[in-house]
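Undergrad: Here it is, the structure in full.
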Amino acid sequence: MSALEQKAKEFAYKAHKGMKRKGKDTPFTYHLELVNKILKTLTTDEEILAAGWLHDVIEDTPITLDELKKEFNPKVCYYVDLETEDKSLPWKDRKLKQIEELRRNNFEVALIAYADKMANMTEMFDDYKIIKDELWQRFNRGKEKQYWYYLEFYKIFCYNELIDKEHLKEYEILLNDLFQYL
């Protein structure tokens, strides 16, 4: 692990200290570990990997982009900013904004989005195997809207030359397995 990536990991761990995943007791840092495990199958770029650790810091903690800019280079901060949802917007509006921004900036940041969405779906599917449809009660928008959201990302990933066919197939299989009873 590069010094930059290690710094980002430590920063993210500190920022997310004590946080849990939605609807369960799993430490939030488990998600960050899973995201970066997936991300490392896509790239060795240390700035992308650093941004992978930091991708939820602005969105889910009190840390601001300006604070992040004091610690990390502009490229890392740019990636994190692109991957950050504007939580001041209603759910559908912020999801559409995130999807549109990724369509316009469909390059390296898509690798972080891919790893994040795969990590989310992996965790959701693991939980689904245990608690079945109770899983969908964790989300304000339910199963159908979650499917729409993850499917829109799949469509974007299909046009990104940095995401190979094997990774696309893994995403497609997990998407279909998780949402098979729609």
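Quick note on naming: the chains in the structure tokens go A, B, ... in the order shown, residues restart at 1 in each chain, and ligands are numbered from 1 in order of appearance.
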Could you write out, as a PyMOL selection string, all the residues of chain A that DSSP marks as helix (DSSP H, G or I)?
TA: chain A and resi 3-15+28-39+46-54+57-60+65-71+74-82+91-104+109-138+142-158+165-178
Undergrad: Atoms to include: C-alpha atoms. Write the selected residues as a short mmCIF file (atom, residue, chain, number, x, y, z; two decimals), in the first residue's frame.
TA:
```cif
data_model
loop_
_atom_site.label_atom_id
_atom_site.label_comp_id
_atom_site.auth_asym_id
_atom_site.auth_seq_id
_atom_site.Cartn_x
_atom_site.Cartn_y
_atom_site.Cartn_z
CA ALA A 3 1.95 6.14 1.55
CA LEU A 4 -0.91 8.12 -0.05
CA GLU A 5 -3.30 5.19 0.18
CA GLN A 6 -2.26 4.49 3.80
CA LYS A 7 -2.84 8.13 4.72
CA ALA A 8 -6.29 8.03 3.09
CA LYS A 9 -7.19 4.80 4.89
CA GLU A 10 -6.17 6.21 8.25
CA PHE A 11 -8.03 9.47 7.56
CA ALA A 12 -11.18 7.57 6.56
CA TYR A 13 -11.00 5.24 9.57
CA LYS A 14 -10.73 8.25 11.89
CA ALA A 15 -13.56 10.12 10.14
CA PHE A 28 -18.76 1.30 8.52
CA THR A 29 -15.08 0.63 7.89
CA TYR A 30 -16.03 -2.87 6.67
CA HIS A 31 -17.60 -1.16 3.66
CA LEU A 32 -14.41 0.80 3.00
CA GLU A 33 -12.34 -2.38 3.16
CA LEU A 34 -14.67 -4.12 0.70
CA VAL A 35 -14.70 -1.14 -1.68
CA ASN A 36 -10.91 -1.05 -1.80
CA LYS A 37 -10.60 -4.82 -2.16
CA ILE A 38 -12.81 -4.57 -5.26
CA LEU A 39 -11.08 -1.41 -6.47
CA GLU A 46 -2.74 5.23 -5.93
CA GLU A 47 -4.93 8.33 -6.31
CA ILE A 48 -7.96 6.25 -7.26
CA LEU A 49 -7.25 3.84 -4.39
CA ALA A 50 -6.87 6.74 -1.96
CA ALA A 51 -10.17 8.21 -3.17
CA GLY A 52 -11.75 4.78 -2.67
CA TRP A 53 -10.96 4.98 1.03
CA LEU A 54 -12.28 8.55 1.20
CA VAL A 57 -16.04 11.00 4.04
CA ILE A 58 -17.72 14.20 2.80
CA GLU A 59 -21.10 12.56 2.31
CA ASP A 60 -21.38 10.75 5.65
CA LEU A 65 -14.21 19.20 0.93
CA ASP A 66 -12.10 22.17 2.06
CA GLU A 67 -10.78 20.13 4.99
CA LEU A 68 -10.03 17.23 2.67
CA LYS A 69 -8.14 19.57 0.32
CA LYS A 70 -5.79 20.48 3.17
CA GLU A 71 -4.77 16.83 3.49
CA PRO A 74 -6.39 18.01 -5.98
CA LYS A 75 -6.88 14.85 -8.04
CA VAL A 76 -7.85 12.72 -5.02
CA CYS A 77 -10.21 15.45 -3.81
CA TYR A 78 -11.72 15.78 -7.29
CA TYR A 79 -12.50 12.05 -7.37
CA VAL A 80 -14.02 12.16 -3.89
CA ASP A 81 -16.10 15.20 -4.78
CA LEU A 82 -17.48 13.52 -7.91
CA TRP A 91 -33.49 11.11 -2.66
CA LYS A 92 -34.49 10.85 -6.34
CA ASP A 93 -32.95 14.23 -7.25
CA ARG A 94 -29.61 13.44 -5.64
CA LYS A 95 -29.50 9.98 -7.22
CA LEU A 96 -30.26 11.44 -10.66
CA LYS A 97 -27.63 14.14 -10.15
CA GLN A 98 -25.03 11.52 -9.18
CA ILE A 99 -25.90 9.36 -12.19
CA GLU A 100 -25.75 12.33 -14.59
CA GLU A 101 -22.42 13.50 -13.19
CA LEU A 102 -20.99 10.02 -13.69
CA ARG A 103 -22.31 9.95 -17.27
CA ARG A 104 -20.57 13.25 -17.98
CA VAL A 109 -14.17 7.93 -11.06
CA ALA A 110 -16.40 5.19 -12.51
CA LEU A 111 -13.96 2.69 -11.01
CA ILE A 112 -14.73 4.04 -7.54
CA ALA A 113 -18.46 4.05 -8.28
CA TYR A 114 -18.25 0.47 -9.54
CA ALA A 115 -16.40 -0.72 -6.42
CA ASP A 116 -18.83 1.16 -4.15
CA LYS A 117 -21.94 -0.23 -5.84
CA MET A 118 -20.51 -3.77 -5.92
CA ALA A 119 -19.63 -3.54 -2.23
CA ASN A 120 -23.13 -2.27 -1.41
CA MET A 121 -24.84 -5.02 -3.40
CA THR A 122 -22.53 -7.69 -1.96
CA GLU A 123 -23.42 -6.65 1.57
CA MET A 124 -27.11 -6.40 0.69
CA PHE A 125 -27.12 -9.86 -0.92
CA ASP A 126 -25.32 -11.41 2.06
CA ASP A 127 -27.95 -9.88 4.34
CA TYR A 128 -30.77 -10.88 2.01
CA LYS A 129 -29.73 -14.54 2.32
CA ILE A 130 -30.34 -14.24 6.06
CA ILE A 131 -33.26 -11.84 6.51
CA LYS A 132 -34.94 -12.07 3.07
CA ASP A 133 -37.34 -9.23 2.18
CA GLU A 134 -36.89 -7.62 5.59
CA LEU A 135 -33.73 -6.16 4.01
CA TRP A 136 -35.73 -3.66 1.97
CA GLN A 137 -37.15 -2.06 5.13
CA ARG A 138 -33.71 -0.50 5.70
CA GLY A 142 -37.69 0.09 -1.23
CA LYS A 143 -36.59 -2.66 -3.55
CA GLU A 144 -37.88 -1.32 -6.88
CA LYS A 145 -36.19 2.06 -6.53
CA GLN A 146 -32.97 0.40 -5.36
CA TYR A 147 -33.05 -1.78 -8.47
CA TRP A 148 -33.54 1.27 -10.71
CA TYR A 149 -30.56 2.99 -9.05
CA TYR A 150 -28.14 0.06 -9.39
CA LEU A 151 -29.33 -0.69 -12.93
CA GLU A 152 -28.62 2.90 -14.03
CA PHE A 153 -25.05 2.50 -12.83
CA TYR A 154 -24.72 -0.76 -14.71
CA LYS A 155 -25.72 1.01 -17.92
CA ILE A 156 -22.99 3.60 -17.34
CA PHE A 157 -20.37 0.98 -16.51
CA CYS A 158 -21.11 -0.84 -19.78
CA LYS A 165 -16.24 -7.58 -19.43
CA GLU A 166 -15.48 -9.87 -16.48
CA HIS A 167 -16.23 -7.13 -13.96
CA LEU A 168 -19.37 -6.13 -15.88
CA LYS A 169 -20.56 -9.74 -15.79
CA GLU A 170 -19.94 -9.93 -12.02
CA TYR A 171 -22.03 -6.77 -11.55
CA GLU A 172 -24.80 -8.06 -13.79
CA ILE A 173 -24.97 -11.42 -11.98
CA LEU A 174 -25.06 -9.81 -8.55
CA LEU A 175 -27.67 -7.28 -9.69
CA ASN A 176 -29.88 -10.07 -11.03
CA ASP A 177 -29.37 -12.31 -7.98
CA LEU A 178 -30.17 -9.52 -5.53
#
```
Undergrad: Can you tell me how far CA of Thr41 (chain A) sits from CA of Thr26 (chain A), in Å to one decimal?
TA: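 Atom-to-atom, CA of Thr41 (chain A) and CA of Thr26 (chain A) are spaced 23.6 Å apart.
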